[in-house]
$ cat model-v5.cif   # mmCIF, C-alpha atoms
data_structure
#
loop_
_atom_site.group_PDB
_atom_site.id
_atom_site.type_symbol
_atom_site.label_atom_id
_atom_site.label_comp_id
_atom_site.auth_asym_id
_atom_site.auth_seq_id
_atom_site.Cartn_x
_atom_site.Cartn_y
_atom_site.Cartn_z
ATOM 1 C CA MET A 1194 103.515 100.184 90.847
ATOM 2 C CA VAL A 1195 105.633 99.558 87.757
ATOM 3 C CA PRO A 1196 108.838 97.654 88.542
ATOM 4 C CA GLN A 1197 112.174 99.166 87.592
ATOM 5 C CA PRO A 1198 114.674 96.704 86.128
ATOM 6 C CA GLU A 1199 118.207 96.586 87.445
ATOM 7 C CA ALA A 1200 120.765 98.467 85.379
ATOM 8 C CA ALA A 1201 122.238 95.320 83.828
ATOM 9 C CA CYS A 1202 119.628 92.616 84.189
ATOM 10 C CA MET A 1203 119.506 89.426 82.186
ATOM 11 C CA ALA A 1204 116.503 87.136 82.396
ATOM 12 C CA THR A 1205 117.030 83.464 83.210
ATOM 13 C CA HIS A 1206 115.064 80.262 82.916
ATOM 14 C CA GLN A 1207 114.515 80.459 86.697
ATOM 15 C CA ASP A 1208 112.741 83.785 86.216
ATOM 16 C CA LEU A 1209 110.430 82.236 83.663
ATOM 17 C CA GLU A 1210 109.832 79.196 85.889
ATOM 18 C CA ALA A 1211 108.750 81.576 88.674
ATOM 19 C CA ILE A 1212 106.115 82.996 86.303
ATOM 20 C CA HIS A 1213 104.898 79.477 85.484
ATOM 21 C CA LEU A 1214 104.742 78.691 89.217
ATOM 22 C CA ASP A 1215 102.617 81.812 89.737
ATOM 23 C CA HIS A 1216 100.246 80.607 87.009
ATOM 24 C CA ARG A 1217 99.938 77.221 88.750
ATOM 25 C CA ARG A 1218 99.300 78.910 92.124
ATOM 26 C CA LEU A 1219 96.577 81.009 90.524
ATOM 27 C CA ALA A 1220 94.941 77.949 88.946
ATOM 28 C CA THR A 1221 95.101 76.124 92.289
ATOM 29 C CA CYS A 1222 93.513 79.052 94.108
ATOM 30 C CA LEU A 1223 90.648 79.214 91.630
ATOM 31 C CA ALA A 1224 90.223 75.412 91.710
ATOM 32 C CA LEU A 1225 89.852 75.526 95.500
ATOM 33 C CA LEU A 1226 86.618 77.426 95.012
ATOM 34 C CA HIS A 1227 85.142 74.234 93.585
ATOM 35 C CA THR A 1228 86.201 72.134 96.562
ATOM 36 C CA THR A 1229 84.807 74.602 99.086
ATOM 37 C CA CYS A 1230 81.463 75.380 97.450
ATOM 38 C CA ILE A 1231 80.422 71.860 96.512
ATOM 39 C CA HIS A 1232 77.466 73.138 94.503
ATOM 40 C CA LEU A 1233 79.335 75.661 92.391
ATOM 41 C CA ASN A 1234 78.700 73.656 89.225
ATOM 42 C CA ASP A 1235 75.245 72.231 89.886
ATOM 43 C CA HIS A 1236 73.629 75.402 91.303
ATOM 44 C CA LEU A 1237 71.714 73.514 94.001
ATOM 45 C CA GLY A 1238 72.311 76.358 96.398
ATOM 46 C CA CYS A 1239 73.091 76.667 100.072
ATOM 47 C CA ASP A 1240 69.792 75.095 101.148
ATOM 48 C CA SER A 1241 71.186 71.693 100.172
ATOM 49 C CA CYS A 1242 74.243 72.115 102.444
ATOM 50 C CA SER A 1243 74.615 71.497 106.152
ATOM 51 C CA TYR A 1244 74.895 74.433 108.500
ATOM 52 C CA GLU A 1245 78.569 73.524 109.023
ATOM 53 C CA GLN A 1246 79.293 73.471 105.282
ATOM 54 C CA LEU A 1247 77.594 76.831 104.855
ATOM 55 C CA GLY A 1248 79.804 78.219 107.636
ATOM 56 C CA VAL A 1249 82.905 76.941 105.871
ATOM 57 C CA CYS A 1250 81.820 78.517 102.587
ATOM 58 C CA ARG A 1251 80.975 81.853 104.124
ATOM 59 C CA GLY A 1252 84.233 81.898 106.063
ATOM 60 C CA GLN A 1253 86.409 80.923 103.126
ATOM 61 C CA LEU A 1254 85.109 83.362 100.528
ATOM 62 C CA PRO A 1255 86.912 86.489 101.813
ATOM 63 C CA SER A 1256 90.062 84.389 102.240
ATOM 64 C CA PHE A 1257 89.927 83.299 98.591
ATOM 65 C CA ILE A 1258 89.669 86.875 97.441
ATOM 66 C CA HIS A 1259 92.546 88.053 99.629
ATOM 67 C CA ASP A 1260 94.710 85.117 98.531
ATOM 68 C CA LEU A 1261 93.939 85.884 94.909
ATOM 69 C CA VAL A 1262 94.853 89.553 95.367
ATOM 70 C CA ASP A 1263 98.170 88.523 96.946
ATOM 71 C CA ILE A 1264 98.954 86.004 94.205
ATOM 72 C CA LEU A 1265 98.040 88.376 91.391
ATOM 73 C CA THR A 1266 99.836 91.388 92.858
ATOM 74 C CA SER A 1267 103.115 89.532 93.281
ATOM 75 C CA HIS A 1268 102.707 87.725 89.949
ATOM 76 C CA PHE A 1269 101.988 90.895 87.986
ATOM 77 C CA TYR A 1270 104.985 92.618 89.565
ATOM 78 C CA ARG A 1271 107.270 89.659 88.797
ATOM 79 C CA GLU A 1272 105.964 89.331 85.242
ATOM 80 C CA GLU A 1273 106.325 93.040 84.523
ATOM 81 C CA ALA A 1274 109.834 93.143 85.995
ATOM 82 C CA LEU A 1275 110.824 90.212 83.782
ATOM 83 C CA MET A 1276 109.257 91.834 80.719
ATOM 84 C CA LEU A 1277 111.111 95.105 81.353
ATOM 85 C CA CYS A 1278 114.382 93.294 82.005
ATOM 86 C CA MET A 1279 114.073 91.283 78.789
ATOM 87 C CA GLN A 1280 113.169 94.391 76.816
ATOM 88 C CA GLN A 1281 116.064 96.358 78.279
ATOM 89 C CA SER A 1282 118.543 93.580 77.496
ATOM 90 C CA GLY A 1283 117.191 93.153 73.965
ATOM 91 C CA GLN A 1284 115.864 89.638 74.678
ATOM 92 C CA LEU A 1285 112.239 90.591 74.047
ATOM 93 C CA ASP A 1286 110.140 93.215 72.344
ATOM 94 C CA GLY A 1287 106.471 93.922 72.887
ATOM 95 C CA ASP A 1288 103.882 96.281 74.230
ATOM 96 C CA PHE A 1289 104.628 96.531 77.938
ATOM 97 C CA LYS A 1290 102.255 99.437 78.519
ATOM 98 C CA SER A 1291 99.084 97.661 77.337
ATOM 99 C CA HIS A 1292 100.036 94.511 79.272
ATOM 100 C CA HIS A 1293 100.613 96.577 82.418
ATOM 101 C CA GLN A 1294 97.283 98.369 81.926
ATOM 102 C CA ALA A 1295 95.550 94.994 81.614
ATOM 103 C CA HIS A 1296 97.044 93.998 84.978
ATOM 104 C CA VAL A 1297 95.768 97.228 86.532
ATOM 105 C CA ARG A 1298 92.277 96.581 85.120
ATOM 106 C CA ILE A 1299 92.213 93.050 86.537
ATOM 107 C CA LEU A 1300 93.150 94.314 90.007
ATOM 108 C CA GLN A 1301 90.554 97.092 89.780
ATOM 109 C CA ARG A 1302 87.951 94.538 88.688
ATOM 110 C CA LEU A 1303 88.930 92.297 91.582
ATOM 111 C CA ASN A 1304 88.395 95.147 94.051
ATOM 112 C CA LYS A 1305 84.965 95.840 92.586
ATOM 113 C CA LEU A 1306 84.194 92.138 92.551
ATOM 114 C CA PHE A 1307 85.082 91.911 96.237
ATOM 115 C CA SER A 1308 82.337 94.426 97.047
ATOM 116 C CA GLU A 1309 79.812 92.630 94.836
ATOM 117 C CA VAL A 1310 80.615 89.265 96.407
ATOM 118 C CA GLN A 1311 80.366 90.657 99.943
ATOM 119 C CA GLN A 1312 76.944 92.098 99.144
ATOM 120 C CA LEU A 1313 75.697 88.787 97.731
ATOM 121 C CA ASP A 1314 77.032 86.893 100.748
ATOM 122 C CA ARG A 1315 75.527 89.362 103.254
ATOM 123 C CA SER A 1316 72.148 88.985 101.587
ATOM 124 C CA GLY A 1317 72.271 85.218 102.161
ATOM 125 C CA ARG A 1318 73.164 84.354 98.574
ATOM 126 C CA THR A 1319 76.518 82.723 99.281
ATOM 127 C CA GLU A 1320 76.215 80.289 96.364
ATOM 128 C CA ASP A 1321 75.591 83.231 94.027
ATOM 129 C CA ALA A 1322 78.631 84.979 95.494
ATOM 130 C CA TYR A 1323 80.823 81.940 94.770
ATOM 131 C CA PHE A 1324 79.401 81.504 91.297
ATOM 132 C CA HIS A 1325 79.786 85.209 90.456
ATOM 133 C CA PHE A 1326 83.352 85.304 91.773
ATOM 134 C CA ASP A 1327 84.334 82.122 89.932
ATOM 135 C CA TYR A 1328 82.658 83.151 86.689
ATOM 136 C CA MET A 1329 84.169 86.635 86.636
ATOM 137 C CA MET A 1330 87.693 85.559 87.595
ATOM 138 C CA GLN A 1331 87.804 82.556 85.274
ATOM 139 C CA GLY A 1332 86.666 84.831 82.448
ATOM 140 C CA ALA A 1333 89.132 87.594 83.288
ATOM 141 C CA MET A 1334 92.051 85.184 83.550
ATOM 142 C CA ALA A 1335 91.160 83.352 80.327
ATOM 143 C CA GLU A 1336 90.833 86.639 78.460
ATOM 144 C CA HIS A 1337 94.148 87.916 79.835
ATOM 145 C CA ASP A 1338 95.897 84.686 78.921
ATOM 146 C CA ARG A 1339 94.424 84.760 75.421
ATOM 147 C CA ARG A 1340 95.293 88.412 74.804
ATOM 148 C CA PHE A 1341 98.678 88.604 76.519
ATOM 149 C CA ASP A 1342 100.239 85.751 78.459
ATOM 150 C CA ALA A 1343 100.033 82.811 76.043
ATOM 151 C CA ASP A 1344 102.017 84.660 73.388
ATOM 152 C CA LEU A 1345 104.294 86.321 75.951
ATOM 153 C CA MET A 1346 105.299 82.982 77.477
ATOM 154 C CA VAL A 1347 106.116 81.533 74.049
ATOM 155 C CA ARG A 1348 108.181 84.598 73.148
ATOM 156 C CA MET A 1349 109.991 84.571 76.508
ATOM 157 C CA GLU A 1350 110.831 80.870 76.233
ATOM 158 C CA LYS A 1351 112.070 81.358 72.677
ATOM 159 C CA ALA A 1352 114.174 84.379 73.682
ATOM 160 C CA LEU A 1353 115.799 82.458 76.518
ATOM 161 C CA LYS A 1354 116.810 79.624 74.177
ATOM 162 C CA HIS A 1355 119.078 81.977 72.246
#

$ encode --input "model-v5.cif" --output "structure tokens"
Amino acid sequence: MVPQPEAACMATHQDLEAIHLDHRRLATCLALLHTTCIHLNDHLGCDSCSYEQLGVCRGQLPSFIHDLVDILTSHFYREEALMLCMQQSGQLDGDFKSHHQAHVRILQRLNKLFSEVQQLDRSGRTEDAYFHFDYMMQGAMAEHDRRFDADLMVRMEKALKH
């Protein structure tokens, strides 16, 4: 859903800080993968973990995905609303449509990824599920930041200084 800006909106530094907070929440969520699956980086696999640790990993994986969907959905909405507000008020120019489409693609990819991860986990390849999820999301987020958010944040901060 594309947000609709209020008739006379004006972006504030608090709005931009909310976007930065979302980015930190996203980074924290993705970093938690590495504290749950202790072998995410060394690829030792689930055989090297205790039965209890394996249970924690298998139980946490769907939770990570749902948390990430929640964080991204609210973040994308907030970011798009701020972009539209700043464009409407003349504070910012830019290509909203391609940025919005990139958000839609990330959410679609996340839905597909959820199915892939569930299949890996069901087949007893929990470590592969964690690795695949981490690899795909880290890549998607880095690409999105490189193509859209890094420049957008600089332009938003500059616009709010004036």

$ residues_around --input "model-v5.cif" --residues "stretch 1247-1259 of chain A" --least-positions-apart "4" --cutoff "9 Å" --atoms "all atoms listed in the file" --output "ChimeraX atom specification"
/A:1222-1223,1225-1226,1229-1230,1239-1240,1242-1243,1263-1264,1303,1307,1310-1311,1314,1319-1320,1322-1323,1326

$ residues_around --input "model-v5.cif" --residues "stretch 1275-1289 of chain A" --least-positions-apart "3" --cutoff "7 Å" --atoms "all atoms listed in the file" --output "ChimeraX atom specification"
/A:1198,1202-1204,1271-1272,1292-1293,1349,1352

$ write_last_selection --input "model-v5.cif" --atoms "C-alpha atoms" --output "compact mmCIF listing (two decimals), in the frame of the given file"
# COMPACT_ATOMS: atom_id res chain seq x y z
CA PRO A 1198 114.67 96.70 86.13
CA CYS A 1202 119.63 92.62 84.19
CA MET A 1203 119.51 89.43 82.19
CA ALA A 1204 116.50 87.14 82.40
CA ARG A 1271 107.27 89.66 88.80
CA GLU A 1272 105.96 89.33 85.24
CA HIS A 1292 100.04 94.51 79.27
CA HIS A 1293 100.61 96.58 82.42
CA MET A 1349 109.99 84.57 76.51
CA ALA A 1352 114.17 84.38 73.68

$ closest_residue --input "model-v5.cif" --among "A:Ser1308, A:Asp1321, A:Gln1301, A:Arg1218" --to "A:Leu1237" --atoms "only C-alpha atoms"
A:Asp1321

$ atom_distance --input "model-v5.cif" --atom1 "atom CA of A:His1355" --atom2 "atom CA of A:Ala1295"
28.5 Å

$ atom_distance --input "model-v5.cif" --atom1 "atom CA of A:Asp1208" --atom2 "atom CA of A:Ala1220"
18.9 Å

$ closest_residue --input "model-v5.cif" --among "A:His1227, A:His1296, A:Lys1351, A:His1268" --to "A:Asp1327" --atoms "only C-alpha atoms"
A:His1227

$ closest_residue --input "model-v5.cif" --among "A:Arg1340, A:Arg1318, A:His1216, A:His1232" --to "A:Leu1261" --atoms "all atoms listed in the file"
A:His1216

$ atom_distance --input "model-v5.cif" --atom1 "atom CA of A:Thr1205" --atom2 "atom CA of A:Leu1353"
6.9 Å

$ closest_residue --input "model-v5.cif" --among "A:Met1329, A:Glu1245, A:Leu1233, A:Leu1219" --to "A:Arg1302" --atoms "only C-alpha atoms"
A:Met1329

$ axis_aligned_box --input "model-v5.cif" --around "stretch 1257-1276 of chain A" --padding-each-side "6 Å" --output "JSON"
{"center_x": 100.2, "center_y": 88.2, "center_z": 90.2, "size_x": 33.2, "size_y": 21.8, "size_z": 30.9}

$ closest_residue --input "model-v5.cif" --among "A:Asp1344, A:Glu1336, A:Gly1317, A:Tyr1328" --to "A:Ala1224" --atoms "only C-alpha atoms"
A:Tyr1328

$ closest_residue --input "model-v5.cif" --among "A:Leu1209, A:Met1330, A:Val1347, A:Gly1238" --to "A:Ala1274" --atoms "all atoms listed in the file"
A:Leu1209

$ build_atoms --input "model-v5.cif" --residues "stretch 1251-1282 of chain A" --atoms "N, CA and C atoms" --output "compact mmCIF listing (two decimals), in the frame of the given file"
# COMPACT_ATOMS: atom_id res chain seq x y z
N ARG A 1251 81.04 80.42 103.82
CA ARG A 1251 80.97 81.85 104.12
C ARG A 1251 82.28 82.36 104.70
N GLY A 1252 82.96 81.50 105.47
CA GLY A 1252 84.23 81.90 106.06
C GLY A 1252 85.38 81.91 105.07
N GLN A 1253 85.32 81.04 104.08
CA GLN A 1253 86.41 80.92 103.13
C GLN A 1253 86.38 81.97 102.02
N LEU A 1254 85.23 82.46 101.67
CA LEU A 1254 85.11 83.36 100.53
C LEU A 1254 86.01 84.59 100.62
N PRO A 1255 85.99 85.33 101.74
CA PRO A 1255 86.91 86.49 101.81
C PRO A 1255 88.38 86.06 101.73
N SER A 1256 88.69 84.90 102.29
CA SER A 1256 90.06 84.39 102.24
C SER A 1256 90.50 84.12 100.80
N PHE A 1257 89.62 83.53 100.00
CA PHE A 1257 89.93 83.30 98.59
C PHE A 1257 90.26 84.60 97.88
N ILE A 1258 89.47 85.60 98.12
CA ILE A 1258 89.67 86.88 97.44
C ILE A 1258 90.99 87.50 97.87
N HIS A 1259 91.28 87.48 99.16
CA HIS A 1259 92.55 88.05 99.63
C HIS A 1259 93.74 87.27 99.10
N ASP A 1260 93.63 85.94 99.09
CA ASP A 1260 94.71 85.12 98.53
C ASP A 1260 94.92 85.45 97.06
N LEU A 1261 93.83 85.59 96.33
CA LEU A 1261 93.94 85.88 94.91
C LEU A 1261 94.59 87.25 94.68
N VAL A 1262 94.23 88.23 95.48
CA VAL A 1262 94.85 89.55 95.37
C VAL A 1262 96.36 89.44 95.61
N ASP A 1263 96.74 88.70 96.65
CA ASP A 1263 98.17 88.52 96.95
C ASP A 1263 98.90 87.83 95.80
N ILE A 1264 98.32 86.74 95.30
CA ILE A 1264 98.95 86.00 94.20
C ILE A 1264 99.09 86.89 92.97
N LEU A 1265 98.01 87.56 92.61
CA LEU A 1265 98.04 88.38 91.39
C LEU A 1265 98.98 89.57 91.52
N THR A 1266 98.97 90.22 92.67
CA THR A 1266 99.84 91.39 92.86
C THR A 1266 101.30 91.00 92.71
N SER A 1267 101.71 89.94 93.39
CA SER A 1267 103.12 89.53 93.28
C SER A 1267 103.43 88.99 91.88
N HIS A 1268 102.49 88.26 91.29
CA HIS A 1268 102.71 87.72 89.95
C HIS A 1268 102.84 88.84 88.92
N PHE A 1269 101.93 89.81 88.95
CA PHE A 1269 101.99 90.90 87.99
C PHE A 1269 103.30 91.66 88.12
N TYR A 1270 103.72 91.91 89.36
CA TYR A 1270 104.98 92.62 89.56
C TYR A 1270 106.15 91.81 88.98
N ARG A 1271 106.19 90.52 89.29
CA ARG A 1271 107.27 89.66 88.80
C ARG A 1271 107.26 89.59 87.27
N GLU A 1272 106.07 89.43 86.70
CA GLU A 1272 105.96 89.33 85.24
C GLU A 1272 106.39 90.63 84.57
N GLU A 1273 105.96 91.75 85.10
CA GLU A 1273 106.32 93.04 84.52
C GLU A 1273 107.82 93.31 84.66
N ALA A 1274 108.39 92.95 85.80
CA ALA A 1274 109.83 93.14 86.00
C ALA A 1274 110.60 92.30 84.98
N LEU A 1275 110.17 91.08 84.75
CA LEU A 1275 110.82 90.21 83.78
C LEU A 1275 110.66 90.77 82.37
N MET A 1276 109.47 91.24 82.05
CA MET A 1276 109.26 91.83 80.72
C MET A 1276 110.19 93.03 80.50
N LEU A 1277 110.25 93.92 81.49
CA LEU A 1277 111.11 95.10 81.35
C LEU A 1277 112.58 94.72 81.25
N CYS A 1278 113.00 93.76 82.06
CA CYS A 1278 114.38 93.29 82.00
C CYS A 1278 114.71 92.75 80.62
N MET A 1279 113.83 91.89 80.10
CA MET A 1279 114.07 91.28 78.79
C MET A 1279 114.03 92.32 77.67
N GLN A 1280 113.19 93.33 77.82
CA GLN A 1280 113.17 94.39 76.82
C GLN A 1280 114.45 95.22 76.89
N GLN A 1281 114.86 95.55 78.10
CA GLN A 1281 116.06 96.36 78.28
C GLN A 1281 117.31 95.64 77.75
N SER A 1282 117.36 94.33 77.93
CA SER A 1282 118.54 93.58 77.50
C SER A 1282 118.46 93.15 76.04
